[in-house]
$ cat model.cif   # mmCIF, C-alpha atoms
data_structure
#
loop_
_atom_site.label_atom_id
_atom_site.label_comp_id
_atom_site.auth_asym_id
_atom_site.auth_seq_id
_atom_site.Cartn_x
_atom_site.Cartn_y
_atom_site.Cartn_z
CA GLN P 1 27.71 213.92 218.18
CA GLY P 2 30.51 213.17 215.83
CA GLY P 3 33.26 215.55 215.06
CA CYS P 4 36.91 215.78 214.24
CA VAL P 5 40.19 215.93 216.07
CA ALA P 6 43.07 218.33 215.58
CA THR P 7 46.34 217.65 217.34
CA ARG P 8 50.04 218.45 217.17
CA ASP P 9 50.87 215.29 219.11
CA GLU P 10 52.22 212.75 216.61
CA GLY P 11 51.66 209.80 218.95
CA LEU P 12 48.06 210.77 219.60
CA TYR P 13 47.54 211.27 215.85
CA ARG P 14 48.78 207.72 215.10
CA GLU P 15 46.64 206.26 217.89
CA LEU P 16 43.46 208.01 216.71
CA LYS P 17 44.16 207.11 213.10
CA ALA P 18 44.52 203.45 214.12
CA LEU P 19 41.24 203.50 216.06
CA ARG P 20 39.52 205.17 213.10
CA THR P 21 40.11 202.16 210.86
CA HIS P 22 40.18 199.11 213.17
CA ASP P 23 43.97 199.55 213.19
CA VAL P 24 44.16 198.41 209.57
CA GLU P 25 47.29 200.09 208.29
CA ASP P 26 46.48 200.06 204.56
CA ALA P 27 43.37 198.37 203.17
CA MET P 28 44.97 198.25 199.71
CA VAL P 29 47.92 196.09 200.76
CA PRO P 30 46.86 192.46 201.40
CA GLN P 31 49.89 191.78 203.61
CA VAL P 32 48.72 194.33 206.19
CA LEU P 33 44.94 193.96 205.72
CA GLN P 34 44.17 192.57 209.15
CA TRP P 35 42.54 193.83 212.31
CA ARG P 36 45.26 194.15 214.90
CA ARG P 37 42.95 195.33 217.68
CA PHE P 38 39.47 196.62 218.38
CA GLY P 39 38.67 199.83 216.56
CA TYR P 40 35.93 201.77 214.85
CA ASN P 41 34.83 202.85 211.41
CA PHE P 42 35.22 206.62 211.86
CA ARG P 43 35.74 208.15 208.46
CA TYR P 44 34.31 211.38 207.12
CA THR P 45 32.87 211.97 203.71
CA ASP P 46 33.89 215.20 201.96
CA ILE P 47 30.43 216.64 202.63
CA GLN P 48 30.69 215.86 206.36
CA ALA P 49 34.14 217.43 206.48
CA ALA P 50 32.88 220.60 204.75
CA ILE P 51 29.98 220.92 207.20
CA GLY P 52 32.34 220.30 210.13
CA LEU P 53 34.75 222.98 208.93
CA SER P 54 31.94 225.51 208.50
CA GLN P 55 30.71 224.82 212.03
CA LEU P 56 34.14 225.56 213.50
CA THR P 57 33.41 229.26 212.99
CA ARG P 58 30.70 229.00 215.69
CA LEU P 59 32.64 226.78 218.08
CA ASP P 60 33.56 229.40 220.69
CA GLU P 61 29.99 230.72 220.76
CA ARG P 62 28.51 227.23 221.18
CA ILE P 63 30.94 226.25 223.95
CA ALA P 64 30.17 229.51 225.79
CA ARG P 65 26.45 228.77 225.52
CA LEU P 66 26.89 225.22 226.86
CA GLU P 67 28.87 226.63 229.80
CA GLU P 68 26.09 229.16 230.52
CA ILE P 69 23.49 226.40 230.52
CA ARG P 70 25.53 224.25 232.88
CA ALA P 71 26.09 227.21 235.22
CA LEU P 72 22.34 227.82 235.36
CA TYR P 73 21.75 224.19 236.32
CA VAL P 74 24.60 224.06 238.84
CA SER P 75 23.51 227.21 240.67
CA ASN P 76 19.79 226.33 240.77
CA LEU P 77 19.59 222.54 240.92
CA PRO P 78 17.36 221.16 243.69
CA PRO P 79 19.41 219.42 246.41
CA TYR P 80 17.83 216.00 245.80
CA LEU P 81 19.68 215.81 242.48
CA GLU P 82 23.43 215.25 242.08
CA MET P 83 25.00 216.90 239.05
CA LEU P 84 27.74 214.79 237.52
CA PRO P 85 31.06 216.59 237.30
CA CYS P 86 32.37 217.82 233.98
CA ASP P 87 36.00 218.66 233.39
CA GLY P 88 35.67 219.57 229.72
CA VAL P 89 33.07 221.09 227.43
CA PRO P 90 29.71 220.47 229.15
CA LEU P 91 27.89 218.82 226.25
CA TYR P 92 25.36 217.32 228.65
CA SER P 93 23.90 218.23 232.01
CA GLU P 94 23.63 214.86 233.69
CA VAL P 95 22.13 214.28 237.11
CA LEU P 96 21.80 211.25 239.35
CA TYR P 97 18.58 210.33 241.09
CA ARG P 98 17.54 206.92 242.41
CA ASP P 99 13.99 207.04 240.97
CA SER P 100 15.03 208.59 237.67
CA GLU P 101 12.32 206.87 235.60
CA HIS P 102 9.57 208.39 237.77
CA LEU P 103 11.23 211.79 237.53
CA ARG P 104 11.59 211.42 233.76
CA ALA P 105 7.88 210.59 233.43
CA TYR P 106 7.02 213.62 235.59
CA LEU P 107 9.09 215.88 233.33
CA ARG P 108 7.62 214.35 230.16
CA GLU P 109 4.05 214.96 231.43
CA ARG P 110 5.02 218.62 231.63
CA GLY P 111 6.49 218.73 228.12
CA ILE P 112 10.16 218.37 229.11
CA GLU P 113 12.21 215.61 227.55
CA ALA P 114 15.06 214.13 229.54
CA ARG P 115 17.14 211.22 228.29
CA PRO P 116 17.78 208.34 230.66
CA ASN P 117 21.37 207.47 231.46
CA TYR P 118 22.78 204.59 229.48
CA PRO P 119 22.36 201.13 230.99
CA CYS P 120 25.25 199.61 232.88
CA LEU P 121 27.90 198.43 230.47
CA HIS P 122 28.40 195.16 232.32
CA THR P 123 24.80 194.20 231.46
CA ALA P 124 25.52 194.24 227.72
CA PRO P 125 25.04 190.65 226.49
CA TYR P 126 28.16 190.71 224.33
CA LEU P 127 30.41 191.36 227.34
CA HIS P 128 29.19 188.41 229.41
CA ALA P 129 30.26 190.17 232.61
CA GLU P 130 29.40 188.57 235.90
CA GLY P 131 29.70 190.03 239.36
CA LEU P 132 28.78 193.20 241.17
CA TYR P 133 29.61 196.62 239.78
CA PRO P 134 28.32 199.15 242.33
CA ASN P 135 29.77 202.23 240.60
CA SER P 136 28.23 201.22 237.32
CA GLU P 137 24.88 200.62 239.00
CA ARG P 138 25.03 204.02 240.70
CA PHE P 139 25.47 205.89 237.43
CA ALA P 140 22.67 204.00 235.68
CA HIS P 141 20.11 205.93 237.76
CA GLY P 142 20.06 209.34 236.24
CA LEU P 143 18.97 211.66 233.49
CA THR P 144 20.41 214.03 230.96
CA LEU P 145 18.50 217.27 231.31
CA PRO P 146 17.73 219.50 228.31
CA SER P 147 21.08 221.12 227.66
CA GLY P 148 21.76 221.62 223.95
CA PRO P 149 23.09 225.00 222.87
CA ALA P 150 19.71 225.89 221.30
CA GLN P 151 18.00 225.77 224.72
CA THR P 152 16.98 229.21 225.93
CA ASN P 153 17.47 230.42 229.48
CA ALA P 154 13.68 230.36 229.79
CA ASP P 155 13.70 226.64 228.84
CA ILE P 156 16.34 225.86 231.45
CA LEU P 157 14.61 227.92 234.16
CA ARG P 158 11.30 226.19 233.42
CA THR P 159 13.02 222.80 233.71
CA LEU P 160 14.50 223.89 237.04
CA ASP P 161 11.06 225.06 238.26
CA VAL P 162 9.51 221.69 237.38
CA LEU P 163 12.41 219.87 239.07
CA SER P 164 11.92 222.00 242.18
CA GLU P 165 8.21 221.23 242.41
CA TYR P 166 8.72 217.49 241.81
CA LEU P 167 9.17 216.43 245.44
CA GLU P 168 6.29 218.66 246.59
CA LYS P 169 3.87 217.01 244.13
CA ARG P 170 5.05 213.48 244.81
#

$ encode --input "model.cif" --output "structure tokens"
Amino acid sequence: QGGCVATRDEGLYRELKALRTHDVEDAMVPQVLQWRRFGYNFRYTDIQAAIGLSQLTRLDERIARLEEIRALYVSNLPPYLEMLPCDGVPLYSEVLYRDSEHLRAYLRERGIEARPNYPCLHTAPYLHAEGLYPNSERFAHGLTLPSGPAQTNADILRTLDVLSEYLEKR
């Protein structure tokens, strides 16, 4: 949820710096004050940078905790759910399930919050996309299970218990 990037790759540095500022090279020079391509407005304040630097001291511990949480889910997930693969730091434990809204309501009734997957990008009005996008549609049906580093093993195991009983109660 935000963050910073550290790299030794000069090309990657230039690319990220360009994206950070809508690829405006220097906002103080009128001759180059133009948007050359799509970008973002990713700039830190000094306070945000100080907080980010202080949190780096806990980075290894937080990553290890996220990996523990994911391992608990992977080894105990009911077979009706498909865990999405993760080839980096497992910030989220995302699962696919066709009737994800019903499952989400079931979890919520039992005091467990799960975030729905984002809607299909091609349905965003500003893209004006037409056509069929079966892969996009497939990934729209899912949930992000509780998986922040502050979750306890007991929280995760309770979520897994409720997920396991879901089909029995349905």

$ resolve_selection --input "model.cif" --expression "the PyMOL selection byres ((chain P and resi 82) around 8)" --output "PyMOL selection string"
chain P and resi 79-81+83-84+95-97

$ residues_around --input "model.cif" --residues "Ser93 of chain P" --least-positions-apart "5" --cutoff "12 Å" --atoms "all atoms listed in the file" --output "ChimeraX atom specification"
/P:66-74,77,81-86,114-117,142-149,156,159

$ resolve_selection --input "model.cif" --expression "the PyMOL selection byres ((chain P and resi 158) around 12)" --output "tab-separated table (two decimals) with C-alpha atoms, keeping the file's coordinate frame"
chain	number	residue	atom	x	y	z
P	72	LEU	CA	22.34	227.82	235.36
P	73	TYR	CA	21.75	224.19	236.32
P	76	ASN	CA	19.79	226.33	240.77
P	77	LEU	CA	19.59	222.54	240.92
P	107	LEU	CA	9.09	215.88	233.33
P	110	ARG	CA	5.02	218.62	231.63
P	111	GLY	CA	6.49	218.73	228.12
P	112	ILE	CA	10.16	218.37	229.11
P	145	LEU	CA	18.50	217.27	231.31
P	146	PRO	CA	17.73	219.50	228.31
P	151	GLN	CA	18.00	225.77	224.72
P	152	THR	CA	16.98	229.21	225.93
P	153	ASN	CA	17.47	230.42	229.48
P	154	ALA	CA	13.68	230.36	229.79
P	155	ASP	CA	13.70	226.64	228.84
P	156	ILE	CA	16.34	225.86	231.45
P	157	LEU	CA	14.61	227.92	234.16
P	159	THR	CA	13.02	222.80	233.71
P	160	LEU	CA	14.50	223.89	237.04
P	161	ASP	CA	11.06	225.06	238.26
P	162	VAL	CA	9.51	221.69	237.38
P	163	LEU	CA	12.41	219.87	239.07
P	164	SER	CA	11.92	222.00	242.18
P	165	GLU	CA	8.21	221.23	242.41

$ atom_distance --input "model.cif" --atom1 "atom CA of Arg58 of chain P" --atom2 "atom CA of Ala150 of chain P"
12.7 Å

$ atom_distance --input "model.cif" --atom1 "atom CA of Gln55 of chain P" --atom2 "atom CA of Tyr13 of chain P"
21.9 Å

$ atom_distance --input "model.cif" --atom1 "atom CA of Pro119 of chain P" --atom2 "atom CA of Ser136 of chain P"
8.6 Å

$ closest_residue --input "model.cif" --among "P:Arg98, P:Ala124, P:Leu103, P:Arg108" --to "Arg138 of chain P" --atoms "all atoms listed in the file"
P:Arg98

$ closest_residue --input "model.cif" --among "P:Arg65, P:His128, P:Arg104, P:Lys17" --to "Tyr92 of chain P" --atoms "only C-alpha atoms"
P:Arg65

$ closest_residue --input "model.cif" --among "P:Arg20, P:Gly11, P:Phe139, P:Tyr126" --to "Glu94 of chain P" --atoms "only C-alpha atoms"
P:Phe139
